[in-house]
Amino acid sequence: MPQDLWDAAKARQDELAALYTRQIEASRAATRTMMAKNGGLNATHWPGTLLSGLVFCSCCGGTYAHRGQDRFACSNHVLGNGCDNARTIACEVLETRVLAGLREP
């Protein structure tokens with residue numbers, strides 16, 4: 001394998017590792033805030049859909065979670081953890097986009 005290709009692959013791996021670390025920390029911050037506000041997790045606070053916790057905010061790296069009847073929103077924004085992203089997406093739209101992406105070859 002050429003050295004320049006190896007170096008490019010390692011650089012991309014480092015970028016992805018940094019992104020994943022940021023998302024984990026954002027998720028932990030959201031969990032700490034929720035536990036402080038609600039006295040801990042219980043059955044009503046566990047994910048309500050298969051995509052909860054698997055979609056990430058492009059602004060802060062935090063998780064998007066099911067909010068209300070039919071929307072997903074940035075958990076860090078909802079919990080007041082410093083994210084300005086107030087955008088939400090309908091569950092049906094999000095699920096349709098994810099399924100379309102999975103079906104593409």
# chains A, B, ... in the order shown; residues from 1 in each chain; ligands from 1
>>> residues_around(residues="range 75-86 of chain A", least_positions_apart="3", cutoff="10 Å", atoms="only C-alpha atoms", output="PyMOL selection string")
chain A and resi 26-27+29-31+33-34+37+53+56-67+72
>>> write_last_selection(atoms="N, CA and C atoms", output="tab-separated table (two decimals), in the first residue's frame")
chain	number	residue	atom	x	y	z
A	26	ALA	N	-21.21	14.61	24.47
A	26	ALA	CA	-22.47	15.36	24.39
A	26	ALA	C	-23.62	14.53	24.94
A	27	SER	N	-23.62	13.24	24.64
A	27	SER	CA	-24.67	12.35	25.15
A	27	SER	C	-24.58	12.23	26.67
A	29	ALA	N	-23.36	14.46	28.73
A	29	ALA	CA	-23.81	15.74	29.30
A	29	ALA	C	-25.33	15.81	29.34
A	30	ALA	N	-25.98	15.35	28.26
A	30	ALA	CA	-27.45	15.35	28.22
A	30	ALA	C	-28.02	14.42	29.28
A	31	THR	N	-27.40	13.27	29.47
A	31	THR	CA	-27.86	12.32	30.49
A	31	THR	C	-27.70	12.90	31.88
A	33	THR	N	-27.70	16.04	32.73
A	33	THR	CA	-28.71	17.09	32.90
A	33	THR	C	-30.08	16.48	33.17
A	34	MET	N	-30.45	15.45	32.41
A	34	MET	CA	-31.75	14.81	32.59
A	34	MET	C	-31.85	14.18	33.98
A	37	LYS	N	-32.36	16.95	36.53
A	37	LYS	CA	-33.69	17.56	36.47
A	37	LYS	C	-34.79	16.60	36.92
A	53	GLY	N	-31.30	8.20	19.83
A	53	GLY	CA	-29.90	8.03	20.19
A	53	GLY	C	-28.99	7.67	19.03
A	56	PHE	N	-27.62	12.27	15.12
A	56	PHE	CA	-26.81	13.26	15.82
A	56	PHE	C	-26.99	14.66	15.26
A	57	CYS	N	-26.90	15.64	16.13
A	57	CYS	CA	-27.02	17.05	15.78
A	57	CYS	C	-25.77	17.50	15.02
A	58	SER	N	-25.95	18.18	13.91
A	58	SER	CA	-24.81	18.66	13.12
A	58	SER	C	-24.16	19.88	13.76
A	59	CYS	N	-24.82	20.51	14.72
A	59	CYS	CA	-24.25	21.69	15.38
A	59	CYS	C	-23.37	21.32	16.57
A	60	CYS	N	-23.86	20.44	17.45
A	60	CYS	CA	-23.13	20.16	18.69
A	60	CYS	C	-22.65	18.71	18.81
A	61	GLY	N	-23.15	17.82	17.95
A	61	GLY	CA	-22.77	16.42	18.03
A	61	GLY	C	-23.60	15.61	19.01
A	62	GLY	N	-24.55	16.27	19.69
A	62	GLY	CA	-25.42	15.57	20.63
A	62	GLY	C	-26.44	14.72	19.90
A	63	THR	N	-27.12	13.88	20.64
A	63	THR	CA	-28.10	13.00	20.02
A	63	THR	C	-29.41	13.72	19.75
A	64	TYR	N	-30.07	13.29	18.70
A	64	TYR	CA	-31.44	13.70	18.44
A	64	TYR	C	-32.32	12.64	19.10
A	65	ALA	N	-33.34	13.07	19.80
A	65	ALA	CA	-34.22	12.13	20.49
A	65	ALA	C	-35.67	12.45	20.18
A	66	HIS	N	-36.51	11.46	20.38
A	66	HIS	CA	-37.94	11.59	20.14
A	66	HIS	C	-38.52	12.61	21.09
A	67	ARG	N	-39.19	13.63	20.55
A	67	ARG	CA	-39.79	14.69	21.36
A	67	ARG	C	-41.24	14.85	20.96
A	72	PHE	N	-38.41	14.63	16.21
A	72	PHE	CA	-37.09	14.43	16.79
A	72	PHE	C	-36.45	15.80	16.93
>>> closest_residue(among="A:Arg71, A:Gln13, A:Gln23, A:Gly101", to="Ile89 in chain A", atoms="only C-alpha atoms")
A:Arg71
>>> select_by_dssp(residues="range 25-104 of chain A", states="strand (DSSP E)", output="VMD selection string")
chain A and resid 55 to 56 63 to 67 71 to 74 88 to 90
>>> write_last_selection(atoms="N, CA and C atoms", output="mmCIF file, in the first residue's frame")
data_model
loop_
_atom_site.group_PDB
_atom_site.id
_atom_site.type_symbol
_atom_site.label_atom_id
_atom_site.label_comp_id
_atom_site.auth_asym_id
_atom_site.auth_seq_id
_atom_site.Cartn_x
_atom_site.Cartn_y
_atom_site.Cartn_z
ATOM 1 N N VAL A 55 -29.286 9.291 15.892
ATOM 2 C CA VAL A 55 -29.238 10.454 15.002
ATOM 3 C C VAL A 55 -28.556 11.569 15.780
ATOM 4 N N PHE A 56 -27.618 12.274 15.122
ATOM 5 C CA PHE A 56 -26.810 13.261 15.822
ATOM 6 C C PHE A 56 -26.990 14.663 15.259
ATOM 7 N N THR A 63 -27.118 13.880 20.644
ATOM 8 C CA THR A 63 -28.101 12.999 20.025
ATOM 9 C C THR A 63 -29.407 13.723 19.751
ATOM 10 N N TYR A 64 -30.068 13.290 18.703
ATOM 11 C CA TYR A 64 -31.445 13.700 18.439
ATOM 12 C C TYR A 64 -32.316 12.644 19.103
ATOM 13 N N ALA A 65 -33.345 13.073 19.796
ATOM 14 C CA ALA A 65 -34.219 12.131 20.493
ATOM 15 C C ALA A 65 -35.672 12.450 20.175
ATOM 16 N N HIS A 66 -36.509 11.460 20.379
ATOM 17 C CA HIS A 66 -37.942 11.588 20.135
ATOM 18 C C HIS A 66 -38.518 12.615 21.095
ATOM 19 N N ARG A 67 -39.190 13.629 20.550
ATOM 20 C CA ARG A 67 -39.790 14.687 21.365
ATOM 21 C C ARG A 67 -41.245 14.848 20.961
ATOM 22 N N ARG A 71 -41.982 14.074 16.596
ATOM 23 C CA ARG A 71 -40.824 14.869 16.194
ATOM 24 C C ARG A 71 -39.547 14.347 16.848
ATOM 25 N N PHE A 72 -38.410 14.630 16.205
ATOM 26 C CA PHE A 72 -37.089 14.427 16.787
ATOM 27 C C PHE A 72 -36.450 15.798 16.932
ATOM 28 N N ALA A 73 -35.698 16.003 18.021
ATOM 29 C CA ALA A 73 -35.023 17.274 18.275
ATOM 30 C C ALA A 73 -33.691 17.004 18.963
ATOM 31 N N CYS A 74 -32.782 17.988 18.907
ATOM 32 C CA CYS A 74 -31.483 17.879 19.568
ATOM 33 C C CYS A 74 -31.688 17.849 21.082
ATOM 34 N N THR A 88 -36.354 20.757 14.344
ATOM 35 C CA THR A 88 -36.868 19.418 14.603
ATOM 36 C C THR A 88 -37.202 18.777 13.263
ATOM 37 N N ILE A 89 -37.410 17.477 13.287
ATOM 38 C CA ILE A 89 -37.792 16.760 12.076
ATOM 39 C C ILE A 89 -38.886 15.768 12.449
ATOM 40 N N ALA A 90 -39.858 15.639 11.573
ATOM 41 C CA ALA A 90 -40.951 14.693 11.806
ATOM 42 C C ALA A 90 -40.412 13.268 11.782
#
>>> atom_distance(atom1="CA of Leu51 in chain A", atom2="CA of Ala18 in chain A")
22.3 Å
>>> atom_distance(atom1="CA of Leu50 in chain A", atom2="CA of Arg28 in chain A")
19.3 Å
>>> select_by_dssp(residues="range 4-105 of chain A", states="alpha helix (DSSP H)", output="count of residues only")
52
>>> atom_distance(atom1="CA of Gly68 in chain A", atom2="CA of Tyr20 in chain A")
27.0 Å
>>> decode(residues="chain A", atoms="C-alpha atoms", output="PDB file, in the first residue's frame")
ATOM      1  CA  MET A   1       0.000   0.000   0.000  1.00  0.00           C
ATOM      2  CA  PRO A   2       1.416   3.431  -0.915  1.00  0.00           C
ATOM      3  CA  GLN A   3       2.450   5.527   2.094  1.00  0.00           C
ATOM      4  CA  ASP A   4       0.345   8.545   1.053  1.00  0.00           C
ATOM      5  CA  LEU A   5      -2.794   6.376   0.898  1.00  0.00           C
ATOM      6  CA  TRP A   6      -1.970   4.884   4.310  1.00  0.00           C
ATOM      7  CA  ASP A   7      -1.431   8.370   5.785  1.00  0.00           C
ATOM      8  CA  ALA A   8      -4.737   9.610   4.338  1.00  0.00           C
ATOM      9  CA  ALA A   9      -6.604   6.612   5.787  1.00  0.00           C
ATOM     10  CA  LYS A  10      -5.035   7.135   9.227  1.00  0.00           C
ATOM     11  CA  ALA A  11      -5.907  10.854   9.141  1.00  0.00           C
ATOM     12  CA  ARG A  12      -9.540  10.016   8.328  1.00  0.00           C
ATOM     13  CA  GLN A  13      -9.586   7.440  11.125  1.00  0.00           C
ATOM     14  CA  ASP A  14      -8.362  10.095  13.585  1.00  0.00           C
ATOM     15  CA  GLU A  15     -11.079  12.526  12.395  1.00  0.00           C
ATOM     16  CA  LEU A  16     -13.795   9.915  12.919  1.00  0.00           C
ATOM     17  CA  ALA A  17     -12.440   8.991  16.356  1.00  0.00           C
ATOM     18  CA  ALA A  18     -12.552  12.663  17.397  1.00  0.00           C
ATOM     19  CA  LEU A  19     -16.133  13.005  16.112  1.00  0.00           C
ATOM     20  CA  TYR A  20     -17.269   9.902  17.985  1.00  0.00           C
ATOM     21  CA  THR A  21     -15.625  11.118  21.212  1.00  0.00           C
ATOM     22  CA  ARG A  22     -17.445  14.466  20.930  1.00  0.00           C
ATOM     23  CA  GLN A  23     -20.785  12.694  20.441  1.00  0.00           C
ATOM     24  CA  ILE A  24     -20.243  10.465  23.464  1.00  0.00           C
ATOM     25  CA  GLU A  25     -19.403  13.468  25.648  1.00  0.00           C
ATOM     26  CA  ALA A  26     -22.467  15.364  24.389  1.00  0.00           C
ATOM     27  CA  SER A  27     -24.666  12.354  25.154  1.00  0.00           C
ATOM     28  CA  ARG A  28     -23.196  12.032  28.646  1.00  0.00           C
ATOM     29  CA  ALA A  29     -23.811  15.742  29.300  1.00  0.00           C
ATOM     30  CA  ALA A  30     -27.445  15.351  28.216  1.00  0.00           C
ATOM     31  CA  THR A  31     -27.860  12.317  30.486  1.00  0.00           C
ATOM     32  CA  ARG A  32     -26.349  14.164  33.465  1.00  0.00           C
ATOM     33  CA  THR A  33     -28.713  17.089  32.896  1.00  0.00           C
ATOM     34  CA  MET A  34     -31.749  14.815  32.592  1.00  0.00           C
ATOM     35  CA  MET A  35     -30.809  12.927  35.748  1.00  0.00           C
ATOM     36  CA  ALA A  36     -30.334  16.195  37.650  1.00  0.00           C
ATOM     37  CA  LYS A  37     -33.692  17.561  36.471  1.00  0.00           C
ATOM     38  CA  ASN A  38     -35.723  14.360  36.813  1.00  0.00           C
ATOM     39  CA  GLY A  39     -33.972  12.513  39.636  1.00  0.00           C
ATOM     40  CA  GLY A  40     -32.798   9.710  37.352  1.00  0.00           C
ATOM     41  CA  LEU A  41     -34.037   7.647  34.445  1.00  0.00           C
ATOM     42  CA  ASN A  42     -37.189   5.602  34.579  1.00  0.00           C
ATOM     43  CA  ALA A  43     -39.369   3.775  32.075  1.00  0.00           C
ATOM     44  CA  THR A  44     -40.888   7.003  30.732  1.00  0.00           C
ATOM     45  CA  HIS A  45     -37.453   8.353  29.780  1.00  0.00           C
ATOM     46  CA  TRP A  46     -36.150   5.410  27.784  1.00  0.00           C
ATOM     47  CA  PRO A  47     -36.057   5.719  23.974  1.00  0.00           C
ATOM     48  CA  GLY A  48     -39.452   5.491  22.339  1.00  0.00           C
ATOM     49  CA  THR A  49     -38.273   4.689  18.812  1.00  0.00           C
ATOM     50  CA  LEU A  50     -35.566   2.635  17.149  1.00  0.00           C
ATOM     51  CA  LEU A  51     -33.767   5.785  15.961  1.00  0.00           C
ATOM     52  CA  SER A  52     -33.554   7.481  19.370  1.00  0.00           C
ATOM     53  CA  GLY A  53     -29.896   8.028  20.185  1.00  0.00           C
ATOM     54  CA  LEU A  54     -28.738   7.061  16.683  1.00  0.00           C
ATOM     55  CA  VAL A  55     -29.238  10.454  15.002  1.00  0.00           C
ATOM     56  CA  PHE A  56     -26.810  13.261  15.822  1.00  0.00           C
ATOM     57  CA  CYS A  57     -27.020  17.055  15.776  1.00  0.00           C
ATOM     58  CA  SER A  58     -24.814  18.660  13.124  1.00  0.00           C
ATOM     59  CA  CYS A  59     -24.249  21.693  15.380  1.00  0.00           C
ATOM     60  CA  CYS A  60     -23.127  20.158  18.694  1.00  0.00           C
ATOM     61  CA  GLY A  61     -22.768  16.417  18.030  1.00  0.00           C
ATOM     62  CA  GLY A  62     -25.417  15.567  20.635  1.00  0.00           C
ATOM     63  CA  THR A  63     -28.101  12.999  20.025  1.00  0.00           C
ATOM     64  CA  TYR A  64     -31.445  13.700  18.439  1.00  0.00           C
ATOM     65  CA  ALA A  65     -34.219  12.131  20.493  1.00  0.00           C
ATOM     66  CA  HIS A  66     -37.942  11.588  20.135  1.00  0.00           C
ATOM     67  CA  ARG A  67     -39.790  14.687  21.365  1.00  0.00           C
ATOM     68  CA  GLY A  68     -43.539  15.008  21.616  1.00  0.00           C
ATOM     69  CA  GLN A  69     -45.844  12.885  19.524  1.00  0.00           C
ATOM     70  CA  ASP A  70     -44.073  12.848  16.177  1.00  0.00           C
ATOM     71  CA  ARG A  71     -40.824  14.869  16.194  1.00  0.00           C
ATOM     72  CA  PHE A  72     -37.089  14.427  16.787  1.00  0.00           C
ATOM     73  CA  ALA A  73     -35.023  17.274  18.275  1.00  0.00           C
ATOM     74  CA  CYS A  74     -31.483  17.879  19.568  1.00  0.00           C
ATOM     75  CA  SER A  75     -31.331  16.672  23.168  1.00  0.00           C
ATOM     76  CA  ASN A  76     -28.720  19.269  24.109  1.00  0.00           C
ATOM     77  CA  HIS A  77     -30.962  22.075  22.842  1.00  0.00           C
ATOM     78  CA  VAL A  78     -34.050  20.715  24.607  1.00  0.00           C
ATOM     79  CA  LEU A  79     -32.140  20.263  27.889  1.00  0.00           C
ATOM     80  CA  GLY A  80     -30.424  23.662  27.701  1.00  0.00           C
ATOM     81  CA  ASN A  81     -26.895  22.276  27.286  1.00  0.00           C
ATOM     82  CA  GLY A  82     -25.714  25.093  25.016  1.00  0.00           C
ATOM     83  CA  CYS A  83     -26.890  24.022  21.564  1.00  0.00           C
ATOM     84  CA  ASP A  84     -28.686  26.674  19.495  1.00  0.00           C
ATOM     85  CA  ASN A  85     -30.157  24.154  17.025  1.00  0.00           C
ATOM     86  CA  ALA A  86     -33.919  24.471  17.511  1.00  0.00           C
ATOM     87  CA  ARG A  87     -34.742  22.527  14.333  1.00  0.00           C
ATOM     88  CA  THR A  88     -36.868  19.418  14.603  1.00  0.00           C
ATOM     89  CA  ILE A  89     -37.792  16.760  12.076  1.00  0.00           C
ATOM     90  CA  ALA A  90     -40.951  14.693  11.806  1.00  0.00           C
ATOM     91  CA  CYS A  91     -40.470  11.035  12.750  1.00  0.00           C
ATOM     92  CA  GLU A  92     -42.019   9.870   9.490  1.00  0.00           C
ATOM     93  CA  VAL A  93     -39.684  12.065   7.402  1.00  0.00           C
ATOM     94  CA  LEU A  94     -36.609  10.908   9.344  1.00  0.00           C
ATOM     95  CA  GLU A  95     -37.544   7.236   9.111  1.00  0.00           C
ATOM     96  CA  THR A  96     -38.251   7.561   5.370  1.00  0.00           C
ATOM     97  CA  ARG A  97     -34.844   9.165   4.773  1.00  0.00           C
ATOM     98  CA  VAL A  98     -33.007   6.540   6.828  1.00  0.00           C
ATOM     99  CA  LEU A  99     -34.759   3.672   5.043  1.00  0.00           C
ATOM    100  CA  ALA A 100     -34.062   5.241   1.638  1.00  0.00           C
ATOM    101  CA  GLY A 101     -30.385   5.544   2.556  1.00  0.00           C
ATOM    102  CA  LEU A 102     -30.242   1.916   3.658  1.00  0.00           C
ATOM    103  CA  ARG A 103     -31.857   0.744   0.418  1.00  0.00           C
ATOM    104  CA  GLU A 104     -29.328   2.530  -1.806  1.00  0.00           C
ATOM    105  CA  PRO A 105     -26.656   0.205  -3.193  1.00  0.00           C
TER     106      PRO A 105
END
